[in-house]
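Source file: start25.cif (mmCIF, N, CA and C atoms)
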data_input
#
loop_
_atom_site.label_atom_id
_atom_site.label_comp_id
_atom_site.auth_asym_id
_atom_site.auth_seq_id
_atom_site.Cartn_x
_atom_site.Cartn_y
_atom_site.Cartn_z
N MET I 242 -74.50 -22.32 32.73
CA MET I 242 -74.77 -23.55 32.00
C MET I 242 -73.58 -23.90 31.10
N ARG I 243 -73.04 -22.86 30.44
CA ARG I 243 -71.91 -23.10 29.54
C ARG I 243 -70.72 -23.66 30.32
N THR I 244 -70.45 -23.12 31.49
CA THR I 244 -69.35 -23.61 32.33
C THR I 244 -69.58 -25.07 32.70
N PHE I 245 -70.81 -25.40 33.01
CA PHE I 245 -71.17 -26.77 33.35
C PHE I 245 -70.89 -27.71 32.18
N LEU I 246 -71.31 -27.33 30.97
CA LEU I 246 -71.09 -28.17 29.79
C LEU I 246 -69.60 -28.33 29.48
N VAL I 247 -68.85 -27.24 29.60
CA VAL I 247 -67.40 -27.32 29.37
C VAL I 247 -66.77 -28.24 30.41
N SER I 248 -67.20 -28.13 31.65
CA SER I 248 -66.67 -29.00 32.70
C SER I 248 -66.97 -30.46 32.42
N ILE I 249 -68.19 -30.76 32.01
CA ILE I 249 -68.57 -32.13 31.68
C ILE I 249 -67.74 -32.64 30.51
N TRP I 250 -67.57 -31.81 29.47
CA TRP I 250 -66.78 -32.20 28.31
C TRP I 250 -65.35 -32.51 28.74
N CYS I 251 -64.77 -31.66 29.58
CA CYS I 251 -63.39 -31.88 30.05
C CYS I 251 -63.29 -33.18 30.85
N LEU I 252 -64.28 -33.42 31.68
CA LEU I 252 -64.28 -34.65 32.48
C LEU I 252 -64.36 -35.88 31.59
N VAL I 253 -65.25 -35.86 30.60
CA VAL I 253 -65.40 -36.99 29.68
C VAL I 253 -64.12 -37.17 28.87
N PHE I 254 -63.55 -36.08 28.35
CA PHE I 254 -62.33 -36.16 27.56
C PHE I 254 -61.19 -36.72 28.41
N SER I 255 -61.07 -36.25 29.64
CA SER I 255 -60.02 -36.72 30.53
C SER I 255 -60.15 -38.21 30.81
N ALA I 256 -61.36 -38.65 31.09
CA ALA I 256 -61.59 -40.08 31.34
C ALA I 256 -61.27 -40.91 30.11
N PHE I 257 -61.70 -40.46 28.94
CA PHE I 257 -61.43 -41.16 27.68
C PHE I 257 -59.93 -41.23 27.43
N ALA I 258 -59.23 -40.13 27.64
CA ALA I 258 -57.78 -40.10 27.41
C ALA I 258 -57.05 -41.04 28.36
N GLN I 259 -57.47 -41.10 29.61
CA GLN I 259 -56.82 -41.99 30.56
C GLN I 259 -57.04 -43.45 30.21
N VAL I 260 -58.23 -43.78 29.78
CA VAL I 260 -58.54 -45.17 29.43
C VAL I 260 -57.75 -45.61 28.22
N HIS I 261 -57.57 -44.72 27.25
CA HIS I 261 -56.93 -45.10 26.00
C HIS I 261 -55.47 -44.68 25.90
N ALA I 262 -54.92 -44.05 26.91
CA ALA I 262 -53.55 -43.55 26.83
C ALA I 262 -52.55 -44.66 26.60
N GLY I 263 -52.72 -45.81 27.22
CA GLY I 263 -51.75 -46.89 27.09
C GLY I 263 -52.08 -47.89 26.01
N ASP I 264 -53.19 -47.72 25.31
CA ASP I 264 -53.62 -48.71 24.33
C ASP I 264 -52.61 -48.93 23.21
N ASN I 265 -51.87 -47.89 22.83
CA ASN I 265 -50.94 -48.05 21.71
C ASN I 265 -49.59 -48.59 22.16
N LEU I 266 -49.43 -48.84 23.45
CA LEU I 266 -48.19 -49.40 23.95
C LEU I 266 -48.38 -50.89 24.16
N PRO I 267 -47.77 -51.71 23.32
CA PRO I 267 -47.94 -53.15 23.49
C PRO I 267 -47.26 -53.62 24.77
N GLN I 268 -47.91 -54.51 25.47
CA GLN I 268 -47.31 -55.06 26.68
C GLN I 268 -46.37 -56.18 26.27
N THR I 269 -45.09 -55.98 26.53
CA THR I 269 -44.07 -56.95 26.14
C THR I 269 -43.30 -57.51 27.33
N ASN I 270 -43.68 -57.13 28.52
CA ASN I 270 -42.98 -57.69 29.66
C ASN I 270 -43.89 -57.79 30.87
N TRP I 271 -43.38 -58.51 31.86
CA TRP I 271 -44.06 -58.61 33.15
C TRP I 271 -43.01 -58.41 34.20
N GLY I 272 -43.40 -57.82 35.28
CA GLY I 272 -42.48 -57.65 36.39
C GLY I 272 -43.07 -56.73 37.43
N GLY I 273 -42.27 -56.45 38.42
CA GLY I 273 -42.73 -55.57 39.47
C GLY I 273 -41.63 -55.30 40.47
N VAL I 274 -41.97 -54.44 41.41
CA VAL I 274 -41.08 -54.11 42.52
C VAL I 274 -41.72 -54.67 43.78
N PHE I 275 -40.91 -55.31 44.60
CA PHE I 275 -41.39 -55.98 45.79
C PHE I 275 -40.62 -55.46 47.00
N LYS I 276 -41.32 -54.95 48.00
CA LYS I 276 -40.71 -54.46 49.24
C LYS I 276 -40.83 -55.57 50.28
N VAL I 277 -39.69 -56.17 50.62
CA VAL I 277 -39.67 -57.39 51.43
C VAL I 277 -38.96 -57.13 52.76
N PRO I 278 -39.56 -57.54 53.87
CA PRO I 278 -38.85 -57.43 55.16
C PRO I 278 -37.57 -58.28 55.13
N VAL I 279 -36.52 -57.78 55.74
CA VAL I 279 -35.23 -58.49 55.68
C VAL I 279 -35.32 -59.91 56.23
N GLU I 280 -36.20 -60.15 57.19
CA GLU I 280 -36.30 -61.51 57.74
C GLU I 280 -36.95 -62.49 56.76
N LYS I 281 -37.47 -62.01 55.64
CA LYS I 281 -38.10 -62.87 54.64
C LYS I 281 -37.22 -63.09 53.40
N ILE I 282 -36.00 -62.56 53.41
CA ILE I 282 -35.12 -62.64 52.24
C ILE I 282 -34.91 -64.08 51.79
N ASP I 283 -34.56 -64.98 52.70
CA ASP I 283 -34.25 -66.36 52.30
C ASP I 283 -35.44 -67.03 51.61
N GLU I 284 -36.64 -66.88 52.17
CA GLU I 284 -37.79 -67.55 51.56
C GLU I 284 -38.18 -66.90 50.23
N VAL I 285 -38.01 -65.59 50.10
CA VAL I 285 -38.30 -64.93 48.83
C VAL I 285 -37.25 -65.33 47.79
N ASP I 286 -35.99 -65.41 48.20
CA ASP I 286 -34.94 -65.88 47.28
C ASP I 286 -35.26 -67.28 46.75
N ARG I 287 -35.63 -68.18 47.64
CA ARG I 287 -35.96 -69.55 47.22
C ARG I 287 -37.17 -69.57 46.28
N ALA I 288 -38.21 -68.82 46.62
CA ALA I 288 -39.42 -68.82 45.80
C ALA I 288 -39.18 -68.21 44.42
N THR I 289 -38.40 -67.13 44.35
CA THR I 289 -38.14 -66.53 43.04
C THR I 289 -37.22 -67.41 42.20
N GLU I 290 -36.27 -68.10 42.86
CA GLU I 290 -35.40 -69.01 42.11
C GLU I 290 -36.18 -70.19 41.55
N LYS I 291 -37.09 -70.75 42.33
CA LYS I 291 -37.93 -71.84 41.82
C LYS I 291 -38.78 -71.36 40.65
N TRP I 292 -39.33 -70.16 40.76
CA TRP I 292 -40.14 -69.60 39.68
C TRP I 292 -39.29 -69.37 38.43
N ALA I 293 -38.08 -68.85 38.61
CA ALA I 293 -37.18 -68.63 37.47
C ALA I 293 -36.80 -69.96 36.82
N ASN I 294 -36.61 -71.00 37.61
CA ASN I 294 -36.31 -72.32 37.04
C ASN I 294 -37.49 -72.88 36.26
N TRP I 295 -38.72 -72.59 36.69
CA TRP I 295 -39.90 -72.98 35.91
C TRP I 295 -39.84 -72.33 34.53
N ILE I 296 -39.50 -71.06 34.49
CA ILE I 296 -39.39 -70.37 33.20
C ILE I 296 -38.31 -71.03 32.36
N LYS I 297 -37.17 -71.30 32.96
CA LYS I 297 -36.05 -71.92 32.24
C LYS I 297 -36.43 -73.28 31.67
N GLU I 298 -37.23 -74.04 32.42
CA GLU I 298 -37.62 -75.39 32.00
C GLU I 298 -38.76 -75.41 30.99
N THR I 299 -39.58 -74.38 30.94
CA THR I 299 -40.81 -74.46 30.15
C THR I 299 -40.92 -73.47 29.00
N HIS I 300 -40.11 -72.45 28.98
CA HIS I 300 -40.26 -71.38 27.99
C HIS I 300 -39.26 -71.51 26.85
N PRO I 301 -39.67 -71.07 25.63
CA PRO I 301 -38.70 -71.02 24.54
C PRO I 301 -37.64 -69.97 24.86
N LEU I 302 -36.39 -70.37 24.72
CA LEU I 302 -35.29 -69.47 25.06
C LEU I 302 -34.41 -69.13 23.86
N GLY I 303 -34.53 -69.88 22.78
CA GLY I 303 -33.66 -69.66 21.63
C GLY I 303 -34.06 -68.44 20.81
N PRO I 304 -33.09 -67.82 20.17
CA PRO I 304 -33.36 -66.61 19.38
C PRO I 304 -34.18 -66.88 18.12
N ASP I 305 -34.31 -68.14 17.73
CA ASP I 305 -35.06 -68.46 16.51
C ASP I 305 -36.57 -68.50 16.74
N ASP I 306 -37.00 -68.48 17.97
CA ASP I 306 -38.43 -68.53 18.29
C ASP I 306 -38.93 -67.11 18.55
N GLU I 307 -39.94 -66.68 17.79
CA GLU I 307 -40.44 -65.31 17.95
C GLU I 307 -41.11 -65.09 19.31
N ASN I 308 -41.45 -66.16 20.00
CA ASN I 308 -42.06 -66.05 21.33
C ASN I 308 -41.06 -66.26 22.46
N ASN I 309 -39.78 -66.20 22.13
CA ASN I 309 -38.75 -66.51 23.12
C ASN I 309 -38.71 -65.48 24.25
N LEU I 310 -38.17 -65.92 25.35
CA LEU I 310 -37.87 -65.02 26.45
C LEU I 310 -36.57 -64.32 26.10
N VAL I 311 -36.58 -63.00 26.06
CA VAL I 311 -35.36 -62.24 25.76
C VAL I 311 -34.47 -62.21 27.00
N SER I 312 -35.08 -61.90 28.14
CA SER I 312 -34.30 -61.91 29.38
C SER I 312 -35.23 -61.94 30.59
N LEU I 313 -34.66 -62.42 31.66
CA LEU I 313 -35.33 -62.41 32.96
C LEU I 313 -34.30 -61.95 33.96
N SER I 314 -34.64 -60.95 34.74
CA SER I 314 -33.72 -60.55 35.80
C SER I 314 -34.48 -60.38 37.10
N ILE I 315 -33.84 -60.84 38.15
CA ILE I 315 -34.36 -60.69 39.50
C ILE I 315 -33.23 -60.07 40.30
N THR I 316 -33.42 -58.85 40.74
CA THR I 316 -32.37 -58.16 41.49
C THR I 316 -32.90 -57.82 42.89
N ARG I 317 -31.95 -57.62 43.80
CA ARG I 317 -32.32 -57.31 45.18
C ARG I 317 -31.41 -56.19 45.68
N SER I 318 -32.01 -55.23 46.36
CA SER I 318 -31.24 -54.12 46.92
C SER I 318 -30.54 -54.55 48.21
N LEU I 319 -29.72 -53.68 48.70
CA LEU I 319 -29.16 -53.85 50.05
C LEU I 319 -30.26 -53.50 51.05
N PRO I 320 -30.19 -54.05 52.25
CA PRO I 320 -31.20 -53.72 53.26
C PRO I 320 -31.19 -52.22 53.60
N GLN I 321 -32.39 -51.70 53.78
CA GLN I 321 -32.53 -50.31 54.17
C GLN I 321 -33.79 -50.18 55.02
N ALA I 322 -33.64 -49.72 56.23
CA ALA I 322 -34.76 -49.51 57.16
C ALA I 322 -35.59 -50.79 57.35
N GLY I 323 -34.90 -51.94 57.38
CA GLY I 323 -35.59 -53.20 57.64
C GLY I 323 -36.20 -53.88 56.42
N TYR I 324 -35.96 -53.34 55.23
CA TYR I 324 -36.53 -53.91 54.00
C TYR I 324 -35.46 -54.02 52.92
N VAL I 325 -35.72 -54.89 51.96
CA VAL I 325 -34.97 -54.93 50.71
C VAL I 325 -36.00 -54.80 49.60
N TYR I 326 -35.55 -54.33 48.46
CA TYR I 326 -36.42 -54.21 47.29
C TYR I 326 -35.95 -55.19 46.23
N TYR I 327 -36.87 -56.00 45.75
CA TYR I 327 -36.61 -56.89 44.63
C TYR I 327 -37.22 -56.23 43.40
N VAL I 328 -36.53 -56.36 42.28
CA VAL I 328 -37.08 -55.92 41.00
C VAL I 328 -37.03 -57.12 40.07
N ILE I 329 -38.18 -57.51 39.57
CA ILE I 329 -38.28 -58.63 38.63
C ILE I 329 -38.73 -58.07 37.30
N VAL I 330 -37.98 -58.39 36.25
CA VAL I 330 -38.36 -57.97 34.90
C VAL I 330 -38.16 -59.15 33.95
N GLU I 331 -39.22 -59.50 33.28
CA GLU I 331 -39.26 -60.60 32.31
C GLU I 331 -39.62 -59.95 30.97
N ILE I 332 -38.73 -60.05 29.97
CA ILE I 332 -38.91 -59.32 28.71
C ILE I 332 -39.08 -60.28 27.54
N TYR I 333 -40.06 -59.97 26.70
CA TYR I 333 -40.33 -60.70 25.46
C TYR I 333 -40.23 -59.72 24.30
N PRO I 334 -39.88 -60.21 23.10
CA PRO I 334 -39.72 -59.29 21.97
C PRO I 334 -41.05 -58.74 21.44
N THR I 335 -42.13 -59.45 21.69
CA THR I 335 -43.43 -59.04 21.15
C THR I 335 -44.52 -59.32 22.18
N PRO I 336 -45.67 -58.71 22.02
CA PRO I 336 -46.80 -59.04 22.89
C PRO I 336 -47.18 -60.52 22.80
N LYS I 337 -46.95 -61.15 21.63
CA LYS I 337 -47.24 -62.58 21.48
C LYS I 337 -46.37 -63.42 22.41
N GLY I 338 -45.14 -62.97 22.63
CA GLY I 338 -44.26 -63.69 23.55
C GLY I 338 -44.81 -63.69 24.96
N LEU I 339 -45.32 -62.54 25.39
CA LEU I 339 -45.91 -62.48 26.73
C LEU I 339 -47.18 -63.32 26.79
N MET I 340 -47.98 -63.29 25.74
CA MET I 340 -49.18 -64.13 25.71
C MET I 340 -48.80 -65.61 25.76
N ASN I 341 -47.68 -65.97 25.11
CA ASN I 341 -47.20 -67.35 25.16
C ASN I 341 -46.81 -67.72 26.60
N HIS I 342 -46.19 -66.79 27.30
CA HIS I 342 -45.85 -67.01 28.71
C HIS I 342 -47.12 -67.32 29.51
N GLN I 343 -48.16 -66.55 29.28
CA GLN I 343 -49.42 -66.77 29.99
C GLN I 343 -50.04 -68.12 29.62
N LYS I 344 -49.89 -68.50 28.35
CA LYS I 344 -50.39 -69.80 27.89
C LYS I 344 -49.63 -70.93 28.58
N ILE I 345 -48.30 -70.80 28.65
CA ILE I 345 -47.47 -71.82 29.31
C ILE I 345 -47.85 -71.92 30.79
N TYR I 346 -48.07 -70.78 31.42
CA TYR I 346 -48.50 -70.78 32.82
C TYR I 346 -49.80 -71.57 32.97
N ASN I 347 -50.78 -71.29 32.11
CA ASN I 347 -52.08 -71.99 32.19
C ASN I 347 -51.94 -73.49 31.96
N GLU I 348 -50.97 -73.89 31.14
CA GLU I 348 -50.78 -75.30 30.82
C GLU I 348 -49.96 -76.06 31.87
N THR I 349 -49.13 -75.35 32.64
CA THR I 349 -48.20 -76.05 33.53
C THR I 349 -48.36 -75.76 35.02
N SER I 350 -48.95 -74.65 35.38
CA SER I 350 -48.95 -74.25 36.79
C SER I 350 -49.71 -75.20 37.70
N TRP I 351 -50.64 -75.93 37.17
CA TRP I 351 -51.44 -76.87 37.96
C TRP I 351 -50.79 -78.24 38.09
N LYS I 352 -49.74 -78.50 37.30
CA LYS I 352 -49.09 -79.82 37.33
C LYS I 352 -48.35 -80.03 38.64
N ALA I 353 -48.25 -81.29 39.05
CA ALA I 353 -47.66 -81.63 40.35
C ALA I 353 -46.25 -81.07 40.53
N GLU I 354 -45.44 -81.07 39.44
CA GLU I 354 -44.06 -80.60 39.61
C GLU I 354 -43.95 -79.09 39.72
N TYR I 355 -44.97 -78.34 39.29
CA TYR I 355 -44.90 -76.88 39.33
C TYR I 355 -45.89 -76.24 40.29
N SER I 356 -46.88 -76.96 40.72
CA SER I 356 -47.89 -76.39 41.63
C SER I 356 -47.27 -75.79 42.90
N PRO I 357 -46.30 -76.47 43.55
CA PRO I 357 -45.68 -75.87 44.74
C PRO I 357 -44.92 -74.57 44.41
N THR I 358 -44.36 -74.50 43.21
CA THR I 358 -43.65 -73.28 42.79
C THR I 358 -44.59 -72.09 42.82
N PHE I 359 -45.78 -72.27 42.27
CA PHE I 359 -46.72 -71.15 42.19
C PHE I 359 -47.41 -70.88 43.52
N SER I 360 -47.56 -71.90 44.32
CA SER I 360 -48.08 -71.70 45.67
C SER I 360 -47.10 -70.84 46.47
N ASP I 361 -45.80 -71.19 46.39
CA ASP I 361 -44.78 -70.41 47.09
C ASP I 361 -44.67 -69.00 46.54
N PHE I 362 -44.66 -68.87 45.22
CA PHE I 362 -44.52 -67.53 44.62
C PHE I 362 -45.71 -66.66 45.03
N GLY I 363 -46.90 -67.25 45.00
CA GLY I 363 -48.09 -66.50 45.37
C GLY I 363 -48.14 -66.10 46.83
N SER I 364 -47.66 -66.98 47.70
CA SER I 364 -47.76 -66.69 49.14
C SER I 364 -46.52 -66.01 49.72
N LYS I 365 -45.36 -66.20 49.09
CA LYS I 365 -44.12 -65.68 49.67
C LYS I 365 -43.53 -64.49 48.92
N VAL I 366 -43.99 -64.24 47.70
CA VAL I 366 -43.45 -63.12 46.92
C VAL I 366 -44.53 -62.07 46.65
N MET I 367 -45.64 -62.49 46.08
CA MET I 367 -46.66 -61.54 45.63
C MET I 367 -47.23 -60.64 46.73
N PRO I 368 -47.31 -61.07 48.00
CA PRO I 368 -47.82 -60.14 49.01
C PRO I 368 -46.98 -58.87 49.16
N TYR I 369 -45.75 -58.92 48.69
CA TYR I 369 -44.85 -57.78 48.85
C TYR I 369 -44.79 -56.88 47.61
N LEU I 370 -45.62 -57.18 46.61
CA LEU I 370 -45.66 -56.34 45.41
C LEU I 370 -46.07 -54.93 45.79
N VAL I 371 -45.26 -53.96 45.38
CA VAL I 371 -45.56 -52.56 45.65
C VAL I 371 -46.71 -52.15 44.73
N SER I 372 -47.75 -51.62 45.31
CA SER I 372 -48.93 -51.21 44.54
C SER I 372 -48.54 -50.27 43.41
N GLY I 373 -49.02 -50.56 42.21
CA GLY I 373 -48.76 -49.72 41.05
C GLY I 373 -47.43 -49.98 40.37
N SER I 374 -46.68 -50.99 40.81
CA SER I 374 -45.33 -51.18 40.26
C SER I 374 -45.25 -52.25 39.19
N LYS I 375 -46.37 -52.86 38.82
CA LYS I 375 -46.31 -53.87 37.76
C LYS I 375 -45.78 -53.26 36.48
N GLN I 376 -44.89 -53.99 35.84
CA GLN I 376 -44.25 -53.51 34.62
C GLN I 376 -45.13 -53.77 33.41
N ARG I 377 -45.15 -52.84 32.48
CA ARG I 377 -45.96 -52.97 31.28
C ARG I 377 -45.11 -53.03 30.03
N ARG I 378 -44.09 -52.23 29.97
CA ARG I 378 -43.35 -52.06 28.72
C ARG I 378 -41.89 -51.76 29.02
N THR I 379 -41.03 -52.31 28.20
CA THR I 379 -39.60 -52.03 28.32
C THR I 379 -39.30 -50.74 27.57
N VAL I 380 -38.73 -49.78 28.25
CA VAL I 380 -38.37 -48.51 27.63
C VAL I 380 -37.02 -48.62 26.94
N TYR I 381 -36.09 -49.30 27.59
CA TYR I 381 -34.74 -49.45 27.03
C TYR I 381 -34.16 -50.76 27.54
N HIS I 382 -33.58 -51.53 26.63
CA HIS I 382 -33.00 -52.82 27.00
C HIS I 382 -31.71 -52.98 26.23
N LEU I 383 -30.61 -53.13 26.92
CA LEU I 383 -29.30 -53.29 26.29
C LEU I 383 -28.72 -54.62 26.71
N VAL I 384 -28.41 -55.45 25.74
CA VAL I 384 -27.73 -56.72 26.00
C VAL I 384 -26.50 -56.71 25.11
N PRO I 385 -25.33 -56.44 25.68
CA PRO I 385 -24.12 -56.39 24.86
C PRO I 385 -23.79 -57.76 24.26
N SER I 386 -23.23 -57.73 23.08
CA SER I 386 -22.80 -58.98 22.46
C SER I 386 -21.52 -59.46 23.14
N GLN I 387 -21.12 -60.68 22.82
CA GLN I 387 -19.89 -61.22 23.40
C GLN I 387 -18.66 -60.49 22.90
N ASP I 388 -18.80 -59.71 21.83
CA ASP I 388 -17.67 -58.99 21.27
C ASP I 388 -17.31 -57.74 22.07
N HIS I 389 -18.14 -57.34 22.99
CA HIS I 389 -17.89 -56.10 23.75
C HIS I 389 -17.15 -56.38 25.03
#

Final structure tokens representation of the file:
Amino acid sequence: MRTFLVSIWCLVFSAFAQVHAGDNLPQTNWGGVFKVPVEKIDEVDRATEKWANWIKETHPLGPDDENNLVSLSITRSLPQAGYVYYVIVEIYPTPKGLMNHQKIYNETSWKAEYSPTFSDFGSKVMPYLVSGSKQRRTVYHLVPSQDH
């Protein structure tokens, strides 16, 4: 009986720890890794560029705004075994910045000028998201000044 109770306690503690392990880490970015077949490179490039232009047109970018976009990067690997890997990372200085991004999305994604952007991003990019690769937090971010 004692072994059973200890096992139950360990199971409950483990579940509690897993649920709350990330709670103290504020989410300050969005991104992911995408495994894309080489024959889809052109359409994924176009869809990610349109999406990046939406951010450029709609998001605060200046350093004086606490909700500003700190950086956005979209990188692509060289082809390997018929695939390329895209890494998208969108960084905000605070969790409020990311929430502002979500607010801007809710306010603009349905508009005629941006609706095709999100349709393309959803159908041409998101299917290739590697499971478990969504970004939560920036561990290290270096942006050298112009003096370097």

Test item: the PyMOL selection byres ((chain I and resi 274) around 5) resolved as a PyMOL selection string: chain I and resi 272-273+275-276+327-328+370-371+374

8 Å contact set for stretch 287-290 of chain I, all atoms listed in the file, chain neighbours under 2 positions out, as number ranges by chain: I: 281-285, 292-296, 315, 358, 360-363, 365-366

Residues returned when the PyMOL selection byres ((chain I and resi 379) around 7) runs on this file, as a ChimeraX atom specification: /I:268-270,376-378,380-382

Evaluate the PyMOL selection byres ((chain I and resi 310) around 8) against this structure - the residues, as a ChimeraX atom specification, please. /I:300-304,306-309,311-313,331-334,338-339

Test item, helix (DSSP H, G or I) assignment across chain I, answer as a PyMOL selection string: chain I and resi 243-261+279-299+336-349+356-365+367-369

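A straight line drawn from atom N of I:Val330 to atom N of I:Ser314 is 4.5 Å long.
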
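Taking atom CA of I:Asp305 as the reference point, atom CA of I:Thr335 is found at 13.4 Å.
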
Minimum-distance residue to I:Pro278, chosen among I:Lys297, I:Gln343, I:Tyr369, I:Arg317 (using only C-alpha atoms):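 Closest to I:Pro278, using only C-alpha atoms: I:Tyr369.
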
Enter the distance from atom C of I:Pro368 to atom C of I:Tyr326, in Å, rounded to one decimal.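 So the two atoms, atom C of I:Pro368 and atom C of I:Tyr326, lie 12.0 Å apart.
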
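The shortest atom-to-atom distance to I:Ser350, with only C-alpha atoms taken into account, belongs to I:Thr299 out of I:Thr299, I:Ser386, I:Gly373, I:Asp286.
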
Writing C-alpha atoms and nothing else, produce stretch 265-320 of chain I as a compact mmCIF listing (two decimals), in the first residue's frame.
# COMPACT_ATOMS: atom_id res chain seq x y z
CA ASN I 265 7.57 31.43 -15.11
CA LEU I 266 8.99 31.81 -18.61
CA PRO I 267 7.21 34.67 -20.36
CA GLN I 268 6.47 34.02 -24.00
CA THR I 269 8.21 36.78 -25.93
CA ASN I 270 8.46 35.31 -29.39
CA TRP I 271 6.79 33.21 -32.02
CA GLY I 272 8.38 30.98 -34.57
CA GLY I 273 9.06 27.48 -35.64
CA VAL I 274 11.00 25.09 -37.80
CA PHE I 275 9.48 24.02 -41.09
CA LYS I 276 10.61 20.98 -43.13
CA VAL I 277 9.73 21.81 -46.73
CA PRO I 278 10.11 19.65 -49.86
CA VAL I 279 12.54 21.29 -52.29
CA GLU I 280 9.86 21.51 -54.98
CA LYS I 281 7.85 23.82 -52.67
CA ILE I 282 10.66 26.34 -51.99
CA ASP I 283 9.38 29.04 -54.36
CA GLU I 284 5.83 29.05 -52.99
CA VAL I 285 7.02 28.97 -49.37
CA ASP I 286 9.45 31.83 -50.10
CA ARG I 287 6.62 33.90 -51.58
CA ALA I 288 4.21 33.12 -48.72
CA THR I 289 6.74 33.92 -45.98
CA GLU I 290 7.77 37.15 -47.73
CA LYS I 291 4.14 38.28 -47.99
CA TRP I 292 3.66 37.44 -44.31
CA ALA I 293 6.83 39.35 -43.36
CA ASN I 294 5.61 42.36 -45.36
CA TRP I 295 2.33 42.25 -43.40
CA ILE I 296 4.37 42.54 -40.21
CA LYS I 297 6.41 45.39 -41.69
CA GLU I 298 3.24 47.25 -42.71
CA THR I 299 1.20 46.73 -39.54
CA HIS I 300 3.49 46.35 -36.52
CA PRO I 301 5.26 48.98 -34.41
CA LEU I 302 8.91 48.84 -35.37
CA GLY I 303 10.44 51.83 -33.58
CA PRO I 304 12.50 51.44 -30.42
CA ASP I 305 10.30 53.95 -28.58
CA ASP I 306 7.30 51.60 -28.55
CA GLU I 307 7.37 49.00 -25.78
CA ASN I 308 5.36 46.65 -28.01
CA ASN I 309 7.75 46.95 -30.94
CA LEU I 310 9.04 44.07 -32.98
CA VAL I 311 12.69 43.62 -32.02
CA SER I 312 13.49 41.37 -34.96
CA LEU I 313 12.08 38.95 -37.46
CA SER I 314 14.22 36.42 -39.24
CA ILE I 315 13.32 33.81 -41.80
CA THR I 316 16.20 31.55 -42.75
CA ARG I 317 16.42 28.56 -45.05
CA SER I 318 18.91 25.70 -45.10
CA LEU I 319 20.56 24.19 -48.12
CA PRO I 320 18.68 21.23 -49.60
